[in-house]
file upload35.txt (compact mmCIF, C-alpha atoms and all ligand atoms)
# COMPACT_ATOMS: atom_id res chain seq x y z
CA MET A 864 14.20 12.94 23.46
CA THR A 865 13.24 15.01 26.46
CA VAL A 866 11.70 13.71 29.63
CA LEU A 867 8.32 15.36 29.55
CA GLU A 868 5.25 16.16 31.61
CA ALA A 869 5.04 15.22 35.25
CA HIS A 870 2.07 12.83 34.91
CA TYR A 871 4.45 10.10 36.04
CA ASP A 872 7.70 9.70 37.93
CA VAL A 873 10.09 12.11 36.22
CA ALA A 874 13.02 11.04 38.41
CA LEU A 875 12.50 7.44 37.30
CA ALA A 876 12.34 8.50 33.66
CA GLU A 877 15.60 10.40 34.10
CA GLU A 878 17.21 7.38 35.76
CA ILE A 879 16.18 5.29 32.73
CA ARG A 880 17.69 7.78 30.30
CA ALA A 881 20.95 7.79 32.28
CA LEU A 882 21.03 3.97 32.35
CA ALA A 883 20.33 3.83 28.60
CA ALA A 884 23.27 6.18 27.94
CA ALA A 885 25.60 4.24 30.27
CA ASN A 886 24.65 0.92 28.61
CA ASN A 887 24.76 2.18 25.01
CA ALA A 888 21.12 1.16 24.78
CA VAL A 889 18.29 2.29 22.56
CA ILE A 890 14.70 2.13 23.87
CA LEU A 891 12.08 1.24 21.26
CA ALA A 892 8.36 1.48 22.07
CA HIS A 893 5.27 0.45 20.16
CA ASN A 894 2.43 2.97 19.66
CA TYR A 895 0.26 0.92 22.10
CA GLU A 896 2.61 1.22 25.07
CA ARG A 897 1.73 3.21 28.19
CA PRO A 898 2.17 7.01 27.71
CA GLU A 899 5.08 7.22 30.15
CA VAL A 900 6.89 4.36 28.40
CA GLN A 901 6.39 6.05 25.02
CA ASP A 902 7.78 9.28 26.45
CA VAL A 903 10.97 7.69 27.76
CA ALA A 904 11.71 5.88 24.46
CA ASP A 905 14.14 6.95 21.76
CA TYR A 906 11.78 5.81 19.04
CA VAL A 907 8.02 5.12 19.06
CA GLY A 908 6.40 3.52 16.06
CA ASP A 909 4.53 0.71 14.37
CA SER A 910 5.78 -2.84 13.88
CA LEU A 911 7.47 -2.02 10.59
CA GLY A 912 9.20 1.12 11.86
CA LEU A 913 10.39 -0.65 15.01
CA SER A 914 11.82 -3.54 12.95
CA ARG A 915 13.67 -1.06 10.78
CA GLU A 916 15.04 0.80 13.80
CA ALA A 917 16.16 -2.48 15.38
CA ALA A 918 17.94 -3.45 12.16
CA ALA A 919 19.66 -0.07 11.76
CA THR A 920 20.68 0.88 15.29
CA ASP A 921 24.33 1.23 16.36
CA ALA A 922 23.40 0.67 20.02
CA GLU A 923 24.68 -2.50 21.71
CA VAL A 924 21.46 -3.06 23.65
CA ILE A 925 17.87 -2.80 22.41
CA VAL A 926 15.21 -2.47 25.11
CA PHE A 927 12.04 -3.52 23.34
CA CYS A 928 8.92 -2.03 24.87
CA GLY A 929 6.45 -4.03 22.86
CA VAL A 930 5.49 -7.68 22.76
CA HIS A 931 7.51 -10.89 22.53
CA PHE A 932 7.33 -11.47 18.75
CA MET A 933 8.62 -7.92 18.17
CA ALA A 934 11.66 -8.53 20.39
CA GLU A 935 12.26 -11.86 18.63
CA THR A 936 12.16 -10.09 15.26
CA ALA A 937 14.72 -7.56 16.54
CA ALA A 938 16.94 -10.41 17.81
CA ILE A 939 16.81 -12.08 14.39
CA LEU A 940 17.62 -8.84 12.56
CA SER A 941 20.43 -7.89 14.96
CA PRO A 942 21.91 -11.17 16.24
CA ASP A 943 24.99 -9.48 17.69
CA LYS A 944 22.91 -7.09 19.85
CA THR A 945 21.44 -7.74 23.28
CA VAL A 946 17.65 -7.52 22.92
CA LEU A 947 15.76 -7.09 26.19
CA LEU A 948 12.03 -7.48 26.84
CA PRO A 949 11.18 -5.79 30.16
CA ASP A 950 8.41 -8.32 31.00
CA LEU A 951 8.23 -11.84 29.57
CA ALA A 952 4.44 -11.80 30.02
CA ALA A 953 4.19 -9.47 27.00
CA GLY A 954 2.71 -12.03 24.62
CA CYS A 955 0.17 -11.65 21.80
CA SER A 956 -3.14 -13.49 21.45
CA LEU A 957 -2.98 -13.20 17.65
CA ALA A 958 0.51 -14.74 17.43
CA GLY A 959 -0.86 -17.57 19.60
CA THR A 960 -3.44 -18.60 16.98
CA ILE A 961 -0.98 -20.59 14.86
CA ASP A 962 2.15 -22.63 15.58
CA ALA A 963 4.76 -24.10 13.26
CA GLU A 964 3.15 -27.54 13.22
CA GLN A 965 -0.24 -26.14 12.22
CA LEU A 966 1.43 -24.11 9.49
CA ARG A 967 3.30 -27.15 8.15
CA ALA A 968 -0.02 -29.04 7.98
CA TRP A 969 -1.67 -26.12 6.14
CA LYS A 970 1.24 -25.92 3.68
CA ALA A 971 0.91 -29.64 2.98
CA GLN A 972 -2.70 -29.00 1.87
CA HIS A 973 -1.52 -26.28 -0.58
CA PRO A 974 1.76 -27.44 -2.09
CA GLY A 975 3.61 -24.68 -3.94
CA ALA A 976 1.71 -21.81 -2.28
CA VAL A 977 3.70 -18.79 -1.10
CA VAL A 978 3.38 -18.24 2.66
CA VAL A 979 2.94 -14.66 3.87
CA ALA A 980 3.06 -14.32 7.65
CA TYR A 981 2.00 -11.18 9.43
CA VAL A 982 4.78 -10.08 11.77
CA ASN A 983 2.52 -11.00 14.73
CA THR A 984 3.79 -14.61 14.69
CA THR A 985 6.44 -16.60 16.54
CA ALA A 986 9.95 -16.99 15.11
CA GLU A 987 9.17 -20.70 14.42
CA VAL A 988 6.21 -19.69 12.25
CA LYS A 989 8.30 -17.08 10.44
CA ALA A 990 10.90 -19.78 9.80
CA GLU A 991 8.21 -21.71 7.86
CA SER A 992 7.23 -18.60 5.84
CA ASP A 993 8.44 -17.05 2.58
CA TRP A 994 7.51 -13.46 3.41
CA CYS A 995 6.63 -11.47 6.49
CA CYS A 996 4.55 -8.32 6.35
CA THR A 997 3.06 -5.79 8.72
CA SER A 998 -0.17 -3.81 8.47
CA GLY A 999 2.01 -1.01 7.00
CA ASN A 1000 3.11 -3.00 3.94
CA ALA A 1001 0.85 -6.08 3.62
CA VAL A 1002 -0.68 -4.90 0.34
CA GLU A 1003 2.72 -4.12 -1.20
CA VAL A 1004 4.06 -7.52 -0.15
CA ILE A 1005 1.12 -9.23 -1.89
CA HIS A 1006 1.77 -7.12 -5.01
CA ALA A 1007 5.39 -8.36 -5.01
CA ILE A 1008 4.19 -11.98 -5.47
CA PRO A 1009 3.32 -13.12 -9.03
CA PRO A 1010 -0.48 -12.97 -9.53
CA GLU A 1011 -0.83 -16.62 -10.56
CA GLN A 1012 0.82 -17.85 -7.36
CA ASP A 1013 -1.45 -19.14 -4.57
CA ILE A 1014 -0.85 -17.41 -1.24
CA LEU A 1015 -1.36 -18.64 2.32
CA PHE A 1016 -1.90 -15.52 4.43
CA LEU A 1017 -1.74 -15.81 8.21
CA PRO A 1018 -2.77 -15.44 10.96
CA ASP A 1019 -5.21 -12.48 10.97
CA MET A 1020 -8.50 -13.00 9.12
CA PHE A 1021 -9.48 -9.32 9.12
CA LEU A 1022 -6.15 -8.18 7.67
CA GLY A 1023 -6.42 -11.12 5.24
CA ALA A 1024 -9.87 -9.94 4.13
CA HIS A 1025 -8.47 -6.43 3.71
CA VAL A 1026 -5.58 -7.50 1.46
CA ARG A 1027 -7.90 -9.69 -0.62
CA ARG A 1028 -10.27 -6.77 -1.10
CA VAL A 1029 -7.56 -4.23 -1.92
CA THR A 1030 -5.57 -6.45 -4.29
CA GLY A 1031 -8.63 -8.10 -5.83
CA ARG A 1032 -6.82 -11.46 -5.73
CA GLN A 1033 -8.97 -14.56 -5.31
CA ASN A 1034 -6.06 -16.95 -4.72
CA ILE A 1035 -5.27 -15.79 -1.18
CA HIS A 1036 -6.16 -18.38 1.47
CA VAL A 1037 -6.58 -16.80 4.89
CA TRP A 1038 -5.95 -18.33 8.34
CA MET A 1039 -8.89 -17.66 10.66
CA GLY A 1040 -6.99 -16.04 13.53
CA GLU A 1041 -7.83 -12.76 15.22
CA CYS A 1042 -6.54 -10.33 17.81
CA HIS A 1043 -9.02 -10.23 20.69
CA VAL A 1044 -8.50 -6.47 21.15
CA HIS A 1045 -9.14 -5.51 17.52
CA ALA A 1046 -11.87 -8.11 16.98
CA GLY A 1047 -13.65 -6.38 19.88
CA ILE A 1048 -13.99 -3.16 17.89
CA ASP A 1049 -17.17 -4.02 16.03
CA PRO A 1050 -19.70 -2.32 13.73
CA GLU A 1051 -21.82 -1.31 16.71
CA HIS A 1052 -18.97 0.82 18.08
CA ILE A 1053 -18.63 2.48 14.70
CA ALA A 1054 -22.38 3.17 14.46
CA ARG A 1055 -22.42 4.65 17.97
CA THR A 1056 -19.41 6.93 17.50
CA ARG A 1057 -20.63 7.94 14.03
CA ALA A 1058 -23.93 9.08 15.51
CA ALA A 1059 -22.12 11.03 18.26
CA TYR A 1060 -19.56 12.65 15.89
CA PRO A 1061 -21.25 12.80 12.48
CA GLY A 1062 -18.53 14.91 10.80
CA ALA A 1063 -15.57 12.86 12.00
CA GLU A 1064 -13.07 10.98 9.88
CA PHE A 1065 -12.50 7.25 10.62
CA LEU A 1066 -9.02 5.83 11.10
CA ILE A 1067 -9.35 2.04 11.16
CA HIS A 1068 -6.66 -0.56 11.75
CA PRO A 1069 -7.09 -3.50 9.33
CA GLU A 1070 -7.01 -6.02 12.24
CA CYS A 1071 -10.36 -4.62 13.47
CA GLY A 1072 -13.56 -6.63 13.36
CA CYS A 1073 -15.30 -3.50 12.04
CA ALA A 1074 -13.08 -3.06 8.96
CA THR A 1075 -15.07 -5.30 6.62
CA PRO A 1076 -18.55 -4.10 7.72
CA VAL A 1077 -17.44 -0.47 7.32
CA VAL A 1078 -16.32 -1.18 3.76
CA GLU A 1079 -19.69 -2.86 3.13
CA ALA A 1080 -21.40 0.26 4.52
CA ILE A 1081 -19.35 2.36 2.09
CA GLY A 1082 -20.46 0.07 -0.74
CA ALA A 1083 -24.09 0.49 0.35
CA GLY A 1084 -23.71 4.29 0.36
CA ALA A 1085 -24.20 4.57 4.13
CA VAL A 1086 -20.65 5.87 4.78
CA ASP A 1087 -18.65 8.28 2.61
CA ALA A 1088 -15.46 6.50 1.41
CA ALA A 1089 -13.50 9.77 1.60
CA ASN A 1090 -13.98 9.77 5.40
CA VAL A 1091 -12.61 6.28 6.00
CA HIS A 1092 -8.92 5.34 6.05
CA ILE A 1093 -7.61 1.87 6.76
CA LEU A 1094 -4.16 2.38 8.21
CA SER A 1095 -1.31 0.88 10.19
CA THR A 1096 -0.75 2.59 13.53
CA GLU A 1097 2.01 4.77 12.01
CA GLY A 1098 -0.28 5.64 9.10
CA MET A 1099 -2.79 6.87 11.71
CA ILE A 1100 -0.17 9.14 13.26
CA LYS A 1101 0.53 10.75 9.88
CA ARG A 1102 -3.02 11.05 8.53
CA PRO A 1103 -4.40 14.03 10.59
CA ALA A 1104 -1.74 16.39 9.15
CA GLN A 1105 -3.05 15.61 5.65
CA SER A 1106 -6.73 15.95 6.57
CA ASP A 1107 -9.03 18.99 6.83
CA HIS A 1108 -11.04 17.22 9.54
CA ASP A 1109 -10.78 18.29 13.18
CA THR A 1110 -12.25 15.14 14.72
CA PHE A 1111 -11.12 11.56 14.19
CA ILE A 1112 -12.64 8.30 15.39
CA VAL A 1113 -9.78 5.92 16.04
CA ALA A 1114 -10.45 2.19 15.70
CA THR A 1115 -7.43 0.49 17.22
CA GLU A 1116 -5.80 -0.11 20.61
CA ILE A 1117 -6.22 3.00 22.77
CA GLY A 1118 -2.51 3.47 23.58
CA ILE A 1119 -2.17 5.27 20.27
CA LEU A 1120 -4.33 8.17 21.50
CA HIS A 1121 -1.44 9.53 23.56
CA ARG A 1122 0.81 9.94 20.55
CA LEU A 1123 -1.99 11.24 18.30
CA ARG A 1124 -2.90 13.94 20.82
CA ARG A 1125 0.70 14.95 21.30
CA ALA A 1126 1.38 15.07 17.57
CA HIS A 1127 -1.80 16.99 16.68
CA PRO A 1128 -2.78 19.17 19.64
CA GLY A 1129 -5.40 21.15 17.68
CA LYS A 1130 -7.40 18.05 16.72
CA GLN A 1131 -9.76 15.77 18.62
CA PHE A 1132 -9.35 11.98 18.79
CA ILE A 1133 -12.14 9.69 19.97
CA ALA A 1134 -11.67 5.97 20.64
CA ALA A 1135 -14.14 3.82 18.66
CA ASN A 1136 -14.08 1.50 21.69
CA ASP A 1137 -12.46 3.02 24.77
CA ARG A 1138 -12.05 -0.48 26.28
CA ALA A 1139 -9.83 -1.66 23.45
CA SER A 1140 -6.72 -1.98 25.59
CA CYS A 1141 -4.07 -4.66 25.04
CA SER A 1142 -3.02 -6.00 28.43
CA PHE A 1143 0.11 -7.51 26.84
CA MET A 1144 1.32 -4.08 25.80
CA LYS A 1145 0.45 -2.58 29.17
CA VAL A 1146 2.53 -4.98 31.29
CA THR A 1147 5.60 -2.87 30.53
CA THR A 1148 6.01 -0.16 33.15
CA LEU A 1149 8.77 2.37 33.77
CA GLU A 1150 10.00 0.30 36.72
CA LYS A 1151 10.38 -2.74 34.45
CA VAL A 1152 12.19 -0.69 31.80
CA ARG A 1153 14.59 0.51 34.49
CA ASP A 1154 15.15 -3.03 35.75
CA ALA A 1155 15.66 -4.30 32.21
CA LEU A 1156 18.56 -1.89 31.85
CA LYS A 1157 19.90 -2.36 35.36
CA PHE A 1158 19.89 -6.16 35.37
CA ARG A 1159 20.05 -6.78 31.59
CA GLN A 1160 16.77 -8.70 31.70
CA HIS A 1161 15.01 -10.44 29.97
CA ARG A 1162 17.27 -11.33 27.09
CA ILE A 1163 15.43 -12.59 23.99
CA THR A 1164 17.33 -14.98 21.75
CA VAL A 1165 16.25 -17.16 18.86
CA PRO A 1166 17.97 -20.50 18.10
CA ALA A 1167 20.42 -20.00 15.22
CA ASP A 1168 18.74 -22.50 12.86
CA VAL A 1169 15.26 -20.95 13.39
CA ALA A 1170 16.68 -17.43 13.03
CA ALA A 1171 18.49 -18.33 9.81
CA ARG A 1172 15.26 -19.69 8.27
CA ALA A 1173 13.13 -16.75 9.49
CA ARG A 1174 15.61 -14.03 8.47
CA THR A 1175 14.88 -14.06 4.73
CA ALA A 1176 11.14 -13.56 5.27
CA ILE A 1177 11.77 -10.74 7.76
CA GLU A 1178 14.38 -9.01 5.60
CA ARG A 1179 11.96 -9.06 2.67
CA MET A 1180 9.37 -7.37 4.90
CA VAL A 1181 11.79 -4.68 6.06
CA ALA A 1182 12.79 -3.95 2.45
CA VAL A 1183 9.27 -3.49 1.08
CA GLY A 1184 7.60 -0.07 1.12
CA GLY A 1185 5.25 0.77 3.92
CA THR A 1186 2.45 2.98 2.72
CA PRO A 1187 0.76 5.52 4.94
CA GLY A 1188 -2.46 3.57 4.37
CA THR A 1189 -4.60 1.78 1.87
CA SER A 1190 -7.91 2.57 0.31
CA PRO A 1191 -10.84 0.55 1.64
CA PHE A 1192 -11.61 -0.53 -1.96
CA GLY A 1193 -8.46 -1.10 -3.94
CA PRO A 1194 -5.51 0.37 -5.75
CA GLU A 1195 -7.74 1.70 -8.52
CA ASP A 1196 -9.81 3.64 -6.03
CA PRO A 1197 -9.08 7.36 -6.44
CA GLY A 1198 -9.74 8.00 -2.73
CA GLU A 1199 -6.06 7.52 -1.72
P1 LIG A 1201 1.01 -1.96 13.59
O1 LIG A 1201 1.94 -2.80 12.79
O2 LIG A 1201 0.09 -1.15 12.75
O3 LIG A 1201 1.77 -1.17 14.59
O4 LIG A 1201 -0.01 -2.90 14.38
C1 LIG A 1201 0.49 -3.75 15.21
C2 LIG A 1201 -0.25 -4.50 16.15
O5 LIG A 1201 -1.36 -4.85 16.18
C3 LIG A 1201 0.63 -4.86 17.15
O6 LIG A 1201 0.00 -5.60 17.98
FE1 LIG A 1202 -1.31 -8.88 19.83
FE2 LIG A 1202 -3.65 -7.67 19.56
FE3 LIG A 1202 -2.06 -6.96 21.56
FE4 LIG A 1202 -1.41 -6.33 19.04
S1 LIG A 1202 -3.15 -5.56 20.18
S2 LIG A 1202 -0.07 -7.20 20.62
S3 LIG A 1202 -2.20 -8.09 17.91
S4 LIG A 1202 -3.02 -8.99 21.28
call {"tool": "encode", "arguments": {"input": "upload35.txt", "output": "C-alpha cells"}}
result
Amino acid sequence: MTVLEAHYDVALAEEIRALAAANNAVILAHNYERPEVQDVADYVGDSLGLSREAAATDAEVIVFCGVHFMAETAAILSPDKTVLLPDLAAGCSLAGTIDAEQLRAWKAQHPGAVVVAYVNTTAEVKAESDWCCTSGNAVEVIHAIPPEQDILFLPDMFLGAHVRRVTGRQNIHVWMGECHVHAGIDPEHIARTRAAYPGAEFLIHPECGCATPVVEAIGAGAVDAANVHILSTEGMIKRPAQSDHDTFIVATEIGILHRLRRAHPGKQFIAANDRASCSFMKVTTLEKVRDALKFRQHRITVPADVAARARTAIERMVAVGGTPGTSPFGPEDPGE
C-alpha cells in the first residue's frame, strides 16, 4: 500500500499507516468507503472478500472501515483478535429490517425450512440462520441446498428475487426488506442513463430496485442481455477488464466509482443515480480511523453463545465460491 494522491491529508494518512504498523493492525475497507479511507487501507473489497481477509489475517487488530454487521462478522470469525469500528454510528438500514424475534416467528410458520441470511444482518439473526451468503455467492449458496428443501431467504427482497430468478427455484420464501440506498436506484435512472449513454454496459448490484425491471426489459427485447451484468461490488471491479466496452453505467452505491476509476483509468464510469450514497459508510473518516488505532476504539464483540451459533452459518458462507457475477436469467443462460 502506498499513501497516494494529495486530495486529502497525506500527513494524516501517513500517521495512520505508522499507527497500524506499531499496533500490528490491518485496515480493511469496503468498496463504498470514502476515497481517502480506501486509499489508506491494506485491503479494499466486497463483503465476502472482507470476511475472508478478517478470517485469514495474522494481525492482532482489525480496523474495520465498513458497517457494524461487517465488524461483528469479523469478530465472530476471529474471536481472539481486537476488531475496531471507527464510528459506532455505522449501521445498516437493511440489517435493521429483521431482528431475531421476527425471524423466529417466520421460522415457526415454515417448520423445516433452511434459513439463508444475507450477511447484512445482525449477529443475533445469523445465530438463528443455517447459512449466510453475500451478493458474491448467494446463488452458489442456494445451489448447495437440496432442491426439495424450502428456503427462507432474508432480508433483501431484490436479492431474493434475483436468486429465485437465477436458480429457477419456486420454494424460496423472501423477506420483504430493502436497502434504502439501492432501492433508490430505480428503472427511471436506468432509462435516463441509457438514453444518455446508449452504447454503455450496465453493472447492477442485485440489491437495486432496478434489477428486476431491467431483467423484464431484457425479456421484452428492450435491453440487450449481453450488456447487463448483475454483480457484487467486487464483481463490478473485475468486469471492465473482461469487457470491450469503454463506458459503464454503475448501479450501486457511488463509493465504488473511486476504485473503478483507479483500476481502469482508460474507461468511463457513470453512476446510475449519483445520489446513491450510503451515509452509514461515509461516517468513517481518516480522523476516526486514526483515533480508532490511537485509542483502540470502538471494540466490537459478540456474546460467546450468539457467536457460537452464528459461526457455522458464516463459515459456510466464507467457504462457498464467490462468482464474479451472475447472469440476469439463470445458470443455463449462455451470456455468462
Ligand atoms: P457487496 O457484498 O457486493 O460488497 O455489497 C454489500 C453491500 O451492500 C454492503 O452494504
Ligand atoms: Fe446497508 Fe445499504 Fe448502506 Fe449497504 S448500502 S451498508 S445495505 S444501508
call {"tool": "atom_distance", "arguments": {"input": "upload35.txt", "atom1": "CA of Pro974 (chain A)", "atom2": "CA of Pro1010 (chain A)"}}
result
16.4 Å
call {"tool": "closest_residue", "arguments": {"input": "upload35.txt", "among": "A:Gln1105, A:Thr920, A:Thr1148, A:Ser1140", "to": "Leu948 (chain A)", "atoms": "all atoms listed in the file"}}
result
A:Thr1148
call {"tool": "closest_residue", "arguments": {"input": "upload35.txt", "among": "A:Ile1093, A:Ala884, A:Ile1117, A:Ala1126", "to": "ligand LIG 1202 (chain A)", "atoms": "only C-alpha atoms and all ligand atoms"}}
result
A:Ile1117
call {"tool": "residues_near_ligand", "arguments": {"input": "upload35.txt", "ligand": "ligand LIG 1202 (chain A)", "cutoff": "6 Å", "atoms": "only C-alpha atoms and all ligand atoms", "output": "PyMOL selection string"}}
result
chain A and resi 930+955-957+1042+1044+1141+1143
call {"tool": "closest_residue", "arguments": {"input": "upload35.txt", "among": "A:Leu1066, A:Leu1156, A:Cys996, A:Val1004", "to": "Ala881 (chain A)", "atoms": "only C-alpha atoms"}}
result
A:Leu1156
call {"tool": "residues_near_point", "arguments": {"input": "upload35.txt", "point": "(11.1, -1.1, 13.7)", "cutoff": "12 Å", "atoms": "all atoms listed in the file", "output": "PyMOL selection string"}}
result
chain A and resi 889-894+905-920+925+927-929+933-938+940-941+982+997+999+1097+1177-1178+1180-1182+1185
call {"tool": "residues_around", "arguments": {"input": "upload35.txt", "residues": "Thr1056 (chain A)", "least_positions_apart": "5", "cutoff": "9 Å", "atoms": "only C-alpha atoms", "output": "CSV table (one decimal) with C-alpha atoms, in the coordinates of the input"}}
result
chain,number,residue,atom,x,y,z
A,1051,GLU,CA,-21.8,-1.3,16.7
A,1061,PRO,CA,-21.2,12.8,12.5
A,1063,ALA,CA,-15.6,12.9,12.0
A,1112,ILE,CA,-12.6,8.3,15.4
A,1133,ILE,CA,-12.1,9.7,20.0
A,1134,ALA,CA,-11.7,6.0,20.6
A,1135,ALA,CA,-14.1,3.8,18.7
A,1136,ASN,CA,-14.1,1.5,21.7
call {"tool": "closest_residue", "arguments": {"input": "upload35.txt", "among": "A:Gln972, A:Thr945, A:Asn1000, A:Thr985", "to": "Gly959 (chain A)", "atoms": "all atoms listed in the file"}}
result
A:Thr985
call {"tool": "closest_residue", "arguments": {"input": "upload35.txt", "among": "A:Asp962, A:Glu899, A:Asp872, A:Asp1049", "to": "Leu1017 (chain A)", "atoms": "only C-alpha atoms"}}
result
A:Asp962
call {"tool": "atom_distance", "arguments": {"input": "upload35.txt", "atom1": "CA of Ala1001 (chain A)", "atom2": "CA of Ala980 (chain A)"}}
result
9.4 Å
call {"tool": "atom_distance", "arguments": {"input": "upload35.txt", "atom1": "CA of Ala1024 (chain A)", "atom2": "CA of Glu1079 (chain A)"}}
result
12.1 Å
call {"tool": "closest_residue", "arguments": {"input": "upload35.txt", "among": "A:Asp1013, A:Asp943, A:Glu1070, A:Asp902", "to": "ligand LIG 1201 (chain A)", "atoms": "all atoms listed in the file"}}
result
A:Glu1070
call {"tool": "axis_aligned_box", "arguments": {"input": "upload35.txt", "around": "region 1008-1024 of chain A", "padding_each_side": "5 Å", "output": "JSON"}}
result
{"center_x": -2.8, "center_y": -13.7, "center_z": 0.2, "size_x": 24.1, "size_y": 21.0, "size_z": 31.5}
